[in-house]
file input-v1.tsv (TSV, C-alpha atoms and all ligand atoms)
chain	number	residue	atom	x	y	z
A	1	MET	CA	0.00	0.00	0.00
A	2	THR	CA	1.25	3.44	-0.81
A	3	GLU	CA	1.50	5.81	2.05
A	4	ILE	CA	1.60	9.52	1.57
A	5	VAL	CA	4.63	10.65	3.48
A	6	ALA	CA	5.57	13.99	1.98
A	7	GLY	CA	3.74	17.10	3.08
A	8	GLN	CA	1.31	18.24	0.44
A	9	ALA	CA	3.31	21.34	-0.39
A	10	GLU	CA	6.21	19.18	-1.55
A	11	LEU	CA	4.23	16.99	-3.90
A	12	LEU	CA	4.84	17.61	-7.57
A	13	ARG	CA	1.38	16.43	-8.48
A	14	PRO	CA	-1.13	15.96	-5.67
A	15	HIS	CA	-4.11	13.69	-6.33
A	16	ALA	CA	-7.48	15.34	-6.96
A	17	GLU	CA	-8.66	14.39	-3.46
A	18	GLN	CA	-5.63	16.15	-1.96
A	19	ASP	CA	-5.76	19.19	-4.20
A	20	TYR	CA	-9.46	19.76	-3.67
A	21	ALA	CA	-9.80	18.33	-0.16
A	22	GLU	CA	-11.53	21.46	1.11
A	23	GLU	CA	-14.08	21.66	-1.67
A	24	LEU	CA	-14.85	17.97	-1.29
A	25	ALA	CA	-15.29	18.26	2.47
A	26	THR	CA	-17.52	21.32	2.18
A	27	LEU	CA	-19.67	19.73	-0.50
A	28	ALA	CA	-20.10	16.54	1.50
A	29	ALA	CA	-20.92	18.46	4.68
A	30	GLN	CA	-23.65	20.56	3.05
A	31	ASP	CA	-25.07	17.79	0.92
A	32	THR	CA	-28.49	16.66	2.12
A	33	ARG	CA	-29.55	14.71	-0.96
A	34	PRO	CA	-29.69	10.93	-0.96
A	35	ARG	CA	-26.36	9.16	-1.43
A	36	PRO	CA	-25.92	5.76	-3.03
A	37	PRO	CA	-24.36	3.24	-0.59
A	38	SER	CA	-20.71	4.02	0.26
A	39	TRP	CA	-20.71	7.26	-1.74
A	40	LYS	CA	-19.07	10.25	-0.07
A	41	MET	CA	-21.71	12.57	-1.53
A	42	SER	CA	-24.87	12.56	-3.63
A	43	PRO	CA	-24.78	12.32	-7.44
A	44	TRP	CA	-25.93	15.93	-7.55
A	45	ALA	CA	-22.97	17.04	-5.43
A	46	VAL	CA	-20.57	15.04	-7.59
A	47	VAL	CA	-21.78	16.85	-10.70
A	48	THR	CA	-21.50	20.18	-8.88
A	49	TYR	CA	-17.93	19.30	-7.92
A	50	LEU	CA	-17.10	18.56	-11.56
A	51	LEU	CA	-18.81	21.51	-13.22
A	52	GLY	CA	-18.46	24.04	-10.42
A	53	GLY	CA	-21.11	26.17	-8.77
A	54	GLU	CA	-21.98	28.13	-5.66
A	55	LEU	CA	-23.28	26.47	-2.52
A	56	GLU	CA	-26.00	27.91	-0.30
A	57	ASP	CA	-23.48	29.31	2.17
A	58	GLY	CA	-21.67	31.08	-0.65
A	59	THR	CA	-18.79	28.59	-0.98
A	60	VAL	CA	-17.56	28.62	-4.56
A	61	ILE	CA	-16.79	25.27	-6.16
A	62	THR	CA	-14.34	25.65	-9.03
A	63	PRO	CA	-15.18	23.97	-12.32
A	64	LYS	CA	-12.96	21.01	-13.19
A	65	TYR	CA	-14.63	19.97	-16.41
A	66	VAL	CA	-15.85	22.39	-19.06
A	67	GLY	CA	-18.45	20.80	-21.29
A	68	PRO	CA	-22.06	19.61	-21.48
A	69	ARG	CA	-23.61	19.11	-18.04
A	70	ARG	CA	-25.76	16.28	-19.34
A	71	LEU	CA	-22.68	14.17	-20.13
A	72	MET	CA	-21.48	14.40	-16.55
A	73	GLU	CA	-24.97	13.63	-15.24
A	74	VAL	CA	-25.11	10.50	-17.40
A	75	ALA	CA	-21.62	9.47	-16.25
A	76	VAL	CA	-22.42	9.93	-12.57
A	77	ALA	CA	-25.82	8.26	-12.84
A	78	THR	CA	-24.20	5.27	-14.53
A	79	LEU	CA	-21.84	4.83	-11.60
A	80	ALA	CA	-24.83	4.56	-9.28
A	81	THR	CA	-26.09	1.56	-11.27
A	82	ASP	CA	-24.62	-1.89	-11.80
A	83	ARG	CA	-23.09	-0.89	-15.12
A	84	ALA	CA	-19.55	0.35	-15.44
A	85	LEU	CA	-18.58	3.61	-17.16
A	86	LEU	CA	-16.46	3.87	-20.29
A	87	LEU	CA	-15.14	7.32	-21.14
A	88	LEU	CA	-14.26	7.46	-24.79
A	89	GLY	CA	-12.82	10.22	-26.93
A	90	VAL	CA	-9.92	11.53	-28.97
A	91	PRO	CA	-6.69	12.33	-27.08
A	92	GLY	CA	-6.74	15.24	-24.71
A	93	THR	CA	-10.49	15.42	-24.13
A	94	ALA	CA	-10.10	15.07	-20.35
A	95	LYS	CA	-11.01	11.38	-20.07
A	96	THR	CA	-8.31	10.71	-17.47
A	97	TRP	CA	-8.98	14.02	-15.75
A	98	VAL	CA	-12.72	13.35	-15.43
A	99	SER	CA	-12.19	9.78	-14.21
A	100	GLU	CA	-9.78	10.98	-11.52
A	101	HIS	CA	-12.20	13.65	-10.27
A	102	LEU	CA	-15.19	11.31	-10.40
A	103	SER	CA	-13.50	8.70	-8.24
A	104	ALA	CA	-12.12	11.33	-5.85
A	105	ALA	CA	-15.60	12.77	-5.32
A	106	ILE	CA	-17.47	9.47	-5.12
A	107	SER	CA	-15.00	7.28	-3.22
A	108	GLY	CA	-12.65	9.80	-1.67
A	109	THR	CA	-9.72	8.28	-3.53
A	110	SER	CA	-8.54	8.29	-7.12
A	111	THR	CA	-5.59	5.99	-6.49
A	112	LEU	CA	-7.18	2.61	-7.18
A	113	LEU	CA	-5.81	2.63	-10.68
A	114	ILE	CA	-4.66	0.19	-13.34
A	115	GLN	CA	-2.69	1.66	-16.21
A	116	GLY	CA	-3.55	-0.39	-19.27
A	117	THR	CA	-0.72	-1.32	-21.63
A	118	SER	CA	-0.12	-4.14	-24.06
A	119	GLY	CA	1.88	-5.77	-21.26
A	120	THR	CA	-0.77	-5.57	-18.52
A	121	PRO	CA	-0.96	-9.07	-17.01
A	122	GLU	CA	-4.05	-10.70	-15.60
A	123	GLU	CA	-2.60	-10.38	-12.08
A	124	ALA	CA	-2.88	-6.62	-12.39
A	125	ILE	CA	-6.63	-7.04	-12.72
A	126	ARG	CA	-7.17	-10.02	-10.39
A	127	TYR	CA	-4.47	-10.56	-7.77
A	128	GLY	CA	-0.86	-11.60	-7.49
A	129	TRP	CA	1.33	-13.26	-4.88
A	130	ASN	CA	4.13	-12.15	-2.65
A	131	TYR	CA	6.51	-14.88	-3.79
A	132	ALA	CA	8.65	-14.95	-0.66
A	133	ARG	CA	5.59	-15.60	1.45
A	134	LEU	CA	4.07	-17.93	-1.10
A	135	LEU	CA	7.20	-20.11	-0.94
A	136	ALA	CA	7.35	-19.96	2.84
A	137	GLU	CA	3.65	-20.37	3.66
A	138	GLY	CA	2.04	-21.69	0.54
A	139	PRO	CA	-1.07	-19.92	-0.78
A	140	THR	CA	-2.47	-18.04	2.21
A	141	ALA	CA	-4.51	-14.88	2.49
A	142	GLY	CA	-1.38	-13.15	3.77
A	143	ALA	CA	0.62	-14.07	0.68
A	144	LEU	CA	-2.04	-12.75	-1.67
A	145	VAL	CA	-1.43	-9.33	-3.20
A	146	PRO	CA	-4.77	-7.79	-4.11
A	147	SER	CA	-5.14	-5.81	-7.34
A	148	PRO	CA	-6.76	-2.35	-7.26
A	149	VAL	CA	-9.91	-4.05	-8.58
A	150	MET	CA	-9.98	-6.45	-5.63
A	151	THR	CA	-9.34	-3.65	-3.15
A	152	ALA	CA	-12.14	-1.58	-4.67
A	153	MET	CA	-14.53	-4.55	-4.52
A	154	GLU	CA	-13.76	-5.19	-0.87
A	155	SER	CA	-14.08	-1.56	0.16
A	156	GLY	CA	-16.98	-0.51	-2.09
A	157	ARG	CA	-15.06	2.08	-4.03
A	158	ILE	CA	-14.40	3.10	-7.62
A	159	VAL	CA	-11.49	1.54	-9.50
A	160	ARG	CA	-10.09	3.16	-12.64
A	161	VAL	CA	-8.72	1.36	-15.67
A	162	GLU	CA	-6.77	3.67	-17.96
A	163	GLU	CA	-6.51	2.90	-21.67
A	164	LEU	CA	-8.62	-0.24	-21.47
A	165	THR	CA	-8.32	-1.02	-25.18
A	166	ARG	CA	-4.54	-1.28	-24.99
A	167	ILE	CA	-4.87	-4.30	-22.71
A	168	PRO	CA	-4.77	-7.64	-24.58
A	169	ALA	CA	-8.27	-9.00	-25.18
A	170	ASP	CA	-7.85	-12.15	-23.06
A	171	VAL	CA	-6.64	-10.07	-20.11
A	172	GLN	CA	-9.54	-7.60	-20.53
A	173	ASP	CA	-11.89	-10.55	-20.27
A	174	ALA	CA	-10.84	-11.05	-16.65
A	175	LEU	CA	-13.15	-8.10	-16.02
A	176	ILE	CA	-16.25	-9.84	-17.33
A	177	THR	CA	-16.94	-11.88	-14.18
A	178	VAL	CA	-16.06	-8.91	-12.03
A	179	LEU	CA	-18.55	-6.68	-13.83
A	180	SER	CA	-21.37	-9.14	-14.36
A	181	GLU	CA	-21.21	-11.34	-11.26
A	182	LYS	CA	-19.50	-8.74	-9.02
A	183	THR	CA	-17.24	-11.43	-7.70
A	184	LEU	CA	-13.60	-12.38	-8.00
A	185	PRO	CA	-12.85	-16.04	-7.29
A	186	VAL	CA	-9.54	-17.04	-5.70
A	187	PRO	CA	-9.38	-20.77	-6.47
A	188	GLU	CA	-6.01	-21.21	-4.72
A	189	LEU	CA	-7.64	-20.31	-1.41
A	190	GLY	CA	-11.05	-21.74	-2.21
A	191	ILE	CA	-12.68	-18.37	-1.62
A	192	GLU	CA	-14.23	-15.56	-3.58
A	193	ILE	CA	-14.21	-11.83	-3.01
A	194	GLN	CA	-17.69	-10.41	-3.42
A	195	ALA	CA	-18.01	-6.74	-4.23
A	196	THR	CA	-19.57	-4.58	-1.57
A	197	LYS	CA	-22.02	-1.80	-2.44
A	198	GLY	CA	-20.38	1.26	-3.91
A	199	PHE	CA	-17.99	-0.72	-6.07
A	200	ASN	CA	-17.83	0.28	-9.71
A	201	LEU	CA	-15.33	0.78	-12.49
A	202	ILE	CA	-14.41	3.68	-14.76
A	203	ALA	CA	-12.45	2.83	-17.87
A	204	THR	CA	-10.98	5.26	-20.37
A	205	ALA	CA	-10.16	4.52	-23.99
A	206	ASN	CA	-8.78	6.57	-26.77
A	207	ASP	CA	-10.63	6.20	-30.04
A	208	ARG	CA	-7.59	7.21	-32.05
A	209	ASP	CA	-5.34	4.55	-30.59
A	210	ARG	CA	-6.54	1.21	-31.77
A	211	GLY	CA	-10.26	1.60	-31.67
A	212	VAL	CA	-12.81	0.45	-29.21
A	213	ASN	CA	-13.52	-2.50	-31.50
A	214	ASP	CA	-10.78	-4.15	-29.58
A	215	LEU	CA	-13.13	-4.24	-26.65
A	216	SER	CA	-14.83	-7.64	-26.77
A	217	SER	CA	-18.56	-7.35	-27.24
A	218	ALA	CA	-19.12	-9.36	-24.06
A	219	LEU	CA	-17.21	-6.74	-22.11
A	220	ARG	CA	-18.66	-3.81	-23.99
A	221	ARG	CA	-22.16	-4.80	-22.95
A	222	ARG	CA	-21.16	-4.26	-19.32
A	223	PHE	CA	-20.34	-0.61	-19.94
A	224	ASN	CA	-22.28	2.56	-20.55
A	225	THR	CA	-20.21	4.66	-22.91
A	226	VAL	CA	-19.89	8.42	-22.58
A	227	VAL	CA	-18.07	10.12	-25.43
A	228	LEU	CA	-16.18	13.23	-24.36
A	229	PRO	CA	-16.16	15.84	-27.15
A	230	LEU	CA	-13.54	18.37	-28.12
A	231	PRO	CA	-14.33	21.80	-26.66
A	232	ALA	CA	-17.33	23.11	-28.58
A	233	SER	CA	-16.24	26.71	-29.03
A	234	GLU	CA	-13.07	28.73	-29.07
A	235	GLU	CA	-14.30	30.50	-25.93
A	236	ASP	CA	-14.59	27.20	-24.08
A	237	GLU	CA	-11.16	26.06	-25.18
A	238	VAL	CA	-9.53	29.37	-24.21
A	239	ALA	CA	-11.22	29.11	-20.81
A	240	ILE	CA	-9.97	25.54	-20.29
A	241	VAL	CA	-6.41	26.39	-21.30
A	242	THR	CA	-6.34	29.57	-19.22
A	243	ARG	CA	-7.55	27.83	-16.08
A	244	ARG	CA	-5.29	24.79	-16.39
A	245	VAL	CA	-2.24	26.90	-17.21
A	246	GLU	CA	-2.89	28.97	-14.12
A	247	GLN	CA	-3.20	25.88	-11.93
A	248	LEU	CA	-0.14	24.21	-13.42
A	249	GLY	CA	1.92	27.38	-13.13
A	250	ALA	CA	0.97	27.65	-9.46
A	251	SER	CA	1.80	24.04	-8.68
A	252	LEU	CA	5.11	24.20	-10.57
A	253	GLU	CA	5.84	27.45	-8.75
A	254	LEU	CA	6.75	29.20	-11.98
A	255	PRO	CA	7.54	32.87	-11.41
A	256	LYS	CA	4.21	34.67	-11.72
A	257	ILE	CA	3.83	36.52	-14.99
A	258	PRO	CA	0.67	37.59	-16.70
A	259	ALA	CA	-0.48	34.91	-19.13
A	260	THR	CA	-1.86	37.31	-21.68
A	261	VAL	CA	-5.16	36.00	-22.84
A	262	ASP	CA	-4.38	37.23	-26.36
A	263	GLU	CA	-1.46	34.87	-26.67
A	264	ILE	CA	-3.50	31.96	-25.31
A	265	ARG	CA	-6.26	32.79	-27.75
A	266	ARG	CA	-3.78	32.73	-30.59
A	267	VAL	CA	-2.46	29.29	-29.65
A	268	VAL	CA	-6.02	27.99	-29.41
A	269	THR	CA	-6.96	29.58	-32.75
A	270	VAL	CA	-3.98	27.99	-34.51
A	271	PHE	CA	-4.78	24.60	-32.97
A	272	ARG	CA	-8.48	24.77	-33.81
A	273	GLU	CA	-7.90	25.94	-37.37
A	274	LEU	CA	-5.36	23.25	-38.16
A	275	ARG	CA	-7.43	20.59	-36.40
A	276	SER	CA	-10.63	21.44	-38.23
A	277	GLY	CA	-9.01	22.11	-41.61
A	278	ALA	CA	-10.46	25.58	-42.09
A	279	THR	CA	-9.78	29.12	-40.89
A	280	SER	CA	-12.08	30.36	-38.15
A	281	ASP	CA	-13.97	32.60	-40.57
A	282	GLY	CA	-14.58	29.49	-42.67
A	283	ARG	CA	-13.15	31.14	-45.80
A	284	THR	CA	-9.93	29.19	-46.32
A	285	LYS	CA	-9.62	25.44	-46.39
A	286	LEU	CA	-6.48	24.06	-44.75
A	287	LYS	CA	-4.72	20.75	-44.64
A	288	SER	CA	-4.62	19.15	-41.18
A	289	PRO	CA	-1.36	17.87	-39.75
A	290	SER	CA	-0.99	14.26	-38.61
A	291	GLY	CA	-0.88	15.04	-34.86
A	292	THR	CA	-4.02	15.52	-32.80
A	293	LEU	CA	-3.38	19.09	-31.61
A	294	SER	CA	-5.40	18.42	-28.49
A	295	THR	CA	-6.40	20.87	-25.80
A	296	ALA	CA	-3.90	19.07	-23.58
A	297	GLU	CA	-1.11	20.01	-26.00
A	298	ALA	CA	-2.28	23.62	-26.13
A	299	ILE	CA	-2.03	23.65	-22.33
A	300	SER	CA	1.54	22.41	-22.44
A	301	VAL	CA	2.55	24.83	-25.20
A	302	VAL	CA	1.36	27.75	-23.09
A	303	THR	CA	2.91	26.38	-19.88
A	304	ASN	CA	6.25	25.93	-21.63
A	305	GLY	CA	5.89	29.41	-23.06
A	306	LEU	CA	5.37	30.81	-19.57
A	307	ALA	CA	8.51	29.07	-18.32
A	308	LEU	CA	10.48	30.52	-21.24
A	309	ALA	CA	9.08	33.99	-20.70
A	310	ALA	CA	9.69	33.90	-16.97
A	311	HIS	CA	13.26	32.60	-17.08
A	312	PHE	CA	14.61	33.87	-20.40
A	313	GLY	CA	12.16	36.41	-21.75
A	314	ASN	CA	10.94	39.84	-20.84
A	315	GLY	CA	8.45	38.69	-18.24
A	316	THR	CA	5.35	38.61	-20.40
A	317	LEU	CA	4.19	35.79	-22.58
A	318	GLY	CA	4.91	36.73	-26.19
A	319	PRO	CA	4.82	35.16	-29.63
A	320	SER	CA	8.41	33.95	-29.49
A	321	ASP	CA	7.66	32.04	-26.28
A	322	VAL	CA	4.94	29.93	-27.86
A	323	ALA	CA	6.16	29.61	-31.46
A	324	ALA	CA	8.60	26.73	-30.85
A	325	GLY	CA	6.03	24.84	-28.78
A	326	ILE	CA	3.38	25.18	-31.48
A	327	LEU	CA	5.85	23.97	-34.08
A	328	GLY	CA	6.69	20.96	-31.92
A	329	SER	CA	3.01	20.02	-31.61
A	330	VAL	CA	2.34	20.43	-35.32
A	331	LEU	CA	5.43	18.72	-36.75
A	332	LYS	CA	4.82	15.12	-35.72
A	333	ASP	CA	5.78	13.92	-39.20
A	334	PRO	CA	8.80	16.00	-40.18
A	335	VAL	CA	8.11	15.96	-43.92
A	336	ALA	CA	4.35	15.92	-44.48
A	337	ASP	CA	3.53	18.18	-41.52
A	338	LYS	CA	6.19	20.68	-42.53
A	339	VAL	CA	4.34	21.20	-45.82
A	340	VAL	CA	1.04	21.68	-44.00
A	341	TRP	CA	2.60	24.09	-41.52
A	342	THR	CA	4.46	26.18	-44.12
A	343	GLU	CA	1.28	26.57	-46.16
A	344	TYR	CA	-0.63	27.68	-43.11
A	345	LEU	CA	2.12	30.07	-42.12
A	346	GLU	CA	2.33	31.74	-45.53
A	347	ALA	CA	-1.34	31.68	-46.51
A	348	VAL	CA	-2.98	32.49	-43.18
A	349	VAL	CA	-0.61	33.71	-40.46
A	350	ARG	CA	1.28	36.09	-42.74
A	351	GLU	CA	-1.90	37.73	-43.97
A	352	ARG	CA	-3.25	38.64	-40.56
A	353	GLU	CA	-2.35	42.23	-39.78
A	354	ASP	CA	-2.04	41.96	-36.03
A	355	TRP	CA	-0.15	38.67	-36.26
A	356	SER	CA	3.09	40.02	-37.73
A	357	ASP	CA	5.15	39.47	-34.56
A	358	PHE	CA	3.81	35.96	-34.37
A	359	TYR	CA	4.57	35.35	-38.05
A	360	ARG	CA	8.16	36.47	-37.55
A	361	ALA	CA	8.58	34.30	-34.46
A	362	CYS	CA	7.24	31.29	-36.33
A	363	ARG	CA	9.44	31.90	-39.35
A	364	GLU	CA	12.44	32.06	-37.09
A	365	VAL	CA	11.86	28.64	-35.57
A	366	THR	CA	10.56	26.98	-38.74
A	367	GLY	CA	13.87	27.42	-40.52
B	1	LIG	N1	-13.34	19.91	-21.48
B	1	LIG	C1	-12.32	20.05	-20.62
B	1	LIG	N2	-12.52	20.58	-19.41
B	1	LIG	C2	-11.50	20.73	-18.53
B	1	LIG	N3	-10.23	20.36	-18.78
B	1	LIG	C3	-9.95	19.84	-19.99
B	1	LIG	C4	-10.98	19.66	-20.97
B	1	LIG	N4	-10.42	19.12	-22.07
B	1	LIG	C5	-9.11	18.97	-21.79
B	1	LIG	N5	-8.82	19.39	-20.53
B	1	LIG	C6	-7.51	19.38	-19.89
B	1	LIG	O1	-6.63	18.67	-20.73
B	1	LIG	C7	-5.67	17.97	-19.96
B	1	LIG	C8	-5.50	16.57	-20.51
B	1	LIG	O2	-6.59	15.79	-20.26
B	1	LIG	P1	-6.50	14.22	-20.10
B	1	LIG	O3	-5.10	13.78	-19.86
B	1	LIG	O4	-7.53	13.81	-19.12
B	1	LIG	O5	-6.91	13.74	-21.55
B	1	LIG	P2	-7.25	12.28	-22.06
B	1	LIG	O6	-8.58	12.39	-22.73
B	1	LIG	O7	-7.10	11.29	-20.98
B	1	LIG	O8	-6.14	12.10	-23.17
B	1	LIG	P3	-5.39	10.77	-23.65
B	1	LIG	O9	-6.35	10.09	-24.61
B	1	LIG	O10	-4.19	11.31	-24.35
B	1	LIG	O11	-5.09	9.94	-22.44
B	1	LIG	C9	-6.13	18.01	-18.52
B	1	LIG	O12	-5.25	18.86	-17.84
B	1	LIG	C10	-7.50	18.64	-18.57
B	1	LIG	O13	-7.64	19.54	-17.54
B	2	MG	MG	-5.82	9.70	-20.65

call {"tool": "encode", "arguments": {"input": "input-v1.tsv", "output": "structure tokens"}}
result
Amino acid sequence: MTEIVAGQAELLRPHAEQDYAEELATLAAQDTRPRPPSWKMSPWAVVTYLLGGELEDGTVITPKYVGPRRLMEVAVATLATDRALLLLGVPGTAKTWVSEHLSAAISGTSTLLIQGTSGTPEEAIRYGWNYARLLAEGPTAGALVPSPVMTAMESGRIVRVEELTRIPADVQDALITVLSEKTLPVPELGIEIQATKGFNLIATANDRDRGVNDLSSALRRRFNTVVLPLPASEEDEVAIVTRRVEQLGASLELPKIPATVDEIRRVVTVFRELRSGATSDGRTKLKSPSGTLSTAEAISVVTNGLALAAHFGNGTLGPSDVAAGILGSVLKDPVADKVVWTEYLEAVVREREDWSDFYRACREVTG
């Protein structure tokens, strides 16, 4: 079991339940609506925690997710049923982020987590053994090492499976009994672990990776799928990037400098135009580069820009601080994407009157 030893101030990346401990405690304390068994708060309070809002006593809950309320309501309602939740979407649409906050709000912990890879073994989903004890004692309860799934079943909490579709199909199928029978047999000990109320599972999958087709239909039937969309409008995306950049900057303790909203808007505009294959006025068609240009990448371009500006620049975020980062996100394929980028630079960026500094900065790094 992991123990949290460092003081919170020293952690590079606190868990959601640590970062937002106060909000979670306040919400739970003021929440009078019915709670499903083992839940730390009502479904209504969970949605409020995710989307933000103001409580009766004036406490402000910050928004974590920006997007359609209905999607979050469906996700939270699903977790109160016997079906598991699958969050699906293109990269950078906050699947991991939402699953972390959901489990923090519902179960008080987001750390019961399996990271799916092509090498994830069945033991990671079921249980393993402490081999020293297994050799010394034989198969005993003390030698058994529970998986996060088993721990969640025993304690009635949410377990998260990241990148479910990267896990080999036969290993994924270990989840079928867990999700349909809510039990995990341990034949070596002649026992089974039955899930207690409150147990459920949130899986995330990336529909660009290998496709959700890799999810066996038997397993798929056990899930309700919620597709997380790309931010609907430029306003939404600017708001997401601005808020996350602010939070990241604070937790990385970057020297405080104003993150000019104009520069953030420009990064978002470039990303959205290249992603959608048309300029924002709809007049010019563009080729899209091979990368995904996700919101998550826009966030890191701006964060890197802030670090550049703070340590090597003039103390305000300017075009030359973001140009290299944008180029890095766009040029995933050095040949094909370079053509796409150069066309965009010459046909669109160059023509915009108030973008001349940005054009020059981009030219400089494009070479
Ligand atoms: N709609 C949104 N609301 C709030 N934050 C968002 C939104 N979209 C993206 N983000 C931010 O983008 C970052 C990346 O999100 P996250 O890692 O959860 O993406 P993901 O969908 O899991 O991507 P991947 O498929 O690459 O794993 C997070 O910091 C998150 O705050
Ligand atoms: Mg993810």

call {"tool": "closest_residue", "arguments": {"input": "input-v1.tsv", "among": "A:Arg157, A:His101, A:Lys256, A:Arg166", "to": "Gly119 of chain A", "atoms": "all atoms listed in the file"}}
result
A:Arg166

call {"tool": "closest_atom_pairs", "arguments": {"input": "input-v1.tsv", "of": "chain A", "to": "ligand LIG 1 (chain B)", "cutoff": "6 Å", "atoms": "all atoms listed in the file", "output": "CSV"}}
result
residue,atom,partner,partner_atom,distance
A:Lys64,CA,B:LIG1,C2,5.5
A:Tyr65,CA,B:LIG1,N2,3.7
A:Val66,CA,B:LIG1,N2,3.8
A:Gly67,CA,B:LIG1,N1,5.2
A:Val90,CA,B:LIG1,O9,5.8
A:Pro91,CA,B:LIG1,O9,3.4
A:Gly92,CA,B:LIG1,O5,3.5
A:Thr93,CA,B:LIG1,O6,3.8
A:Ala94,CA,B:LIG1,O4,3.1
A:Lys95,CA,B:LIG1,O6,3.7
A:Thr96,CA,B:LIG1,O4,3.6
A:Trp97,CA,B:LIG1,O4,3.7
A:Asn206,CA,B:LIG1,O9,4.8
A:Pro231,CA,B:LIG1,N1,5.6
A:Ile240,CA,B:LIG1,C2,5.3
A:Arg244,CA,B:LIG1,O13,5.9
A:Thr295,CA,B:LIG1,C5,5.2
A:Ala296,CA,B:LIG1,O1,4.0

call {"tool": "write_last_selection", "arguments": {"input": "input-v1.tsv", "atoms": "C-alpha atoms", "output": "short mmCIF file (atom, residue, chain, number, x, y, z; two decimals), in the coordinates of the input"}}
result
data_model
loop_
_atom_site.label_atom_id
_atom_site.label_comp_id
_atom_site.auth_asym_id
_atom_site.auth_seq_id
_atom_site.Cartn_x
_atom_site.Cartn_y
_atom_site.Cartn_z
CA LYS A 64 -12.96 21.01 -13.19
CA TYR A 65 -14.63 19.97 -16.41
CA VAL A 66 -15.85 22.39 -19.06
CA GLY A 67 -18.45 20.80 -21.29
CA VAL A 90 -9.92 11.53 -28.97
CA PRO A 91 -6.69 12.33 -27.08
CA GLY A 92 -6.74 15.24 -24.71
CA THR A 93 -10.49 15.42 -24.13
CA ALA A 94 -10.10 15.07 -20.35
CA LYS A 95 -11.01 11.38 -20.07
CA THR A 96 -8.31 10.71 -17.47
CA TRP A 97 -8.98 14.02 -15.75
CA ASN A 206 -8.78 6.57 -26.77
CA PRO A 231 -14.33 21.80 -26.66
CA ILE A 240 -9.97 25.54 -20.29
CA ARG A 244 -5.29 24.79 -16.39
CA THR A 295 -6.40 20.87 -25.80
CA ALA A 296 -3.90 19.07 -23.58
#

call {"tool": "closest_residue", "arguments": {"input": "input-v1.tsv", "among": "A:Ser294, A:Thr196, A:Ser147, A:Ser217", "to": "ligand MG 2 (chain B)", "atoms": "all atoms listed in the file"}}
result
A:Ser294

call {"tool": "residues_around", "arguments": {"input": "input-v1.tsv", "residues": "Phe199 of chain A", "least_positions_apart": "2", "cutoff": "8 Å", "atoms": "all atoms listed in the file", "output": "VMD selection string"}}
result
chain A and resid 152 to 153 155 to 159 195 to 197 201

call {"tool": "closest_residue", "arguments": {"input": "input-v1.tsv", "among": "A:Gly142, A:Pro187, A:Pro43, A:Pro258", "to": "Ala309 of chain A", "atoms": "only C-alpha atoms"}}
result
A:Pro258

call {"tool": "atom_distance", "arguments": {"input": "input-v1.tsv", "atom1": "atom CA of Asp82 of chain A", "atom2": "atom CA of Asn224 of chain A"}}
result
10.1 Å

call {"tool": "residues_around", "arguments": {"input": "input-v1.tsv", "residues": "Thr284 of chain A", "least_positions_apart": "3", "cutoff": "10 Å", "atoms": "all atoms listed in the file", "output": "MDAnalysis selection string"}}
result
chainID A and resid 273 277:281 344 347:348

call {"tool": "atom_distance", "arguments": {"input": "input-v1.tsv", "atom1": "atom CA of Ile326 of chain A", "atom2": "atom CA of Val268 of chain A"}}
result
10.0 Å

call {"tool": "closest_residue", "arguments": {"input": "input-v1.tsv", "among": "A:Glu181, A:Glu163, A:Glu263, A:Glu122", "to": "Arg222 of chain A", "atoms": "all atoms listed in the file"}}
result
A:Glu181

call {"tool": "atom_distance", "arguments": {"input": "input-v1.tsv", "atom1": "atom CA of Tyr20 of chain A", "atom2": "atom CA of Leu252 of chain A"}}
result
16.7 Å

call {"tool": "closest_residue", "arguments": {"input": "input-v1.tsv", "among": "A:Val171, A:Leu286, A:Val98, A:Leu184", "to": "ligand MG 2 (chain B)", "atoms": "all atoms listed in the file"}}
result
A:Val98
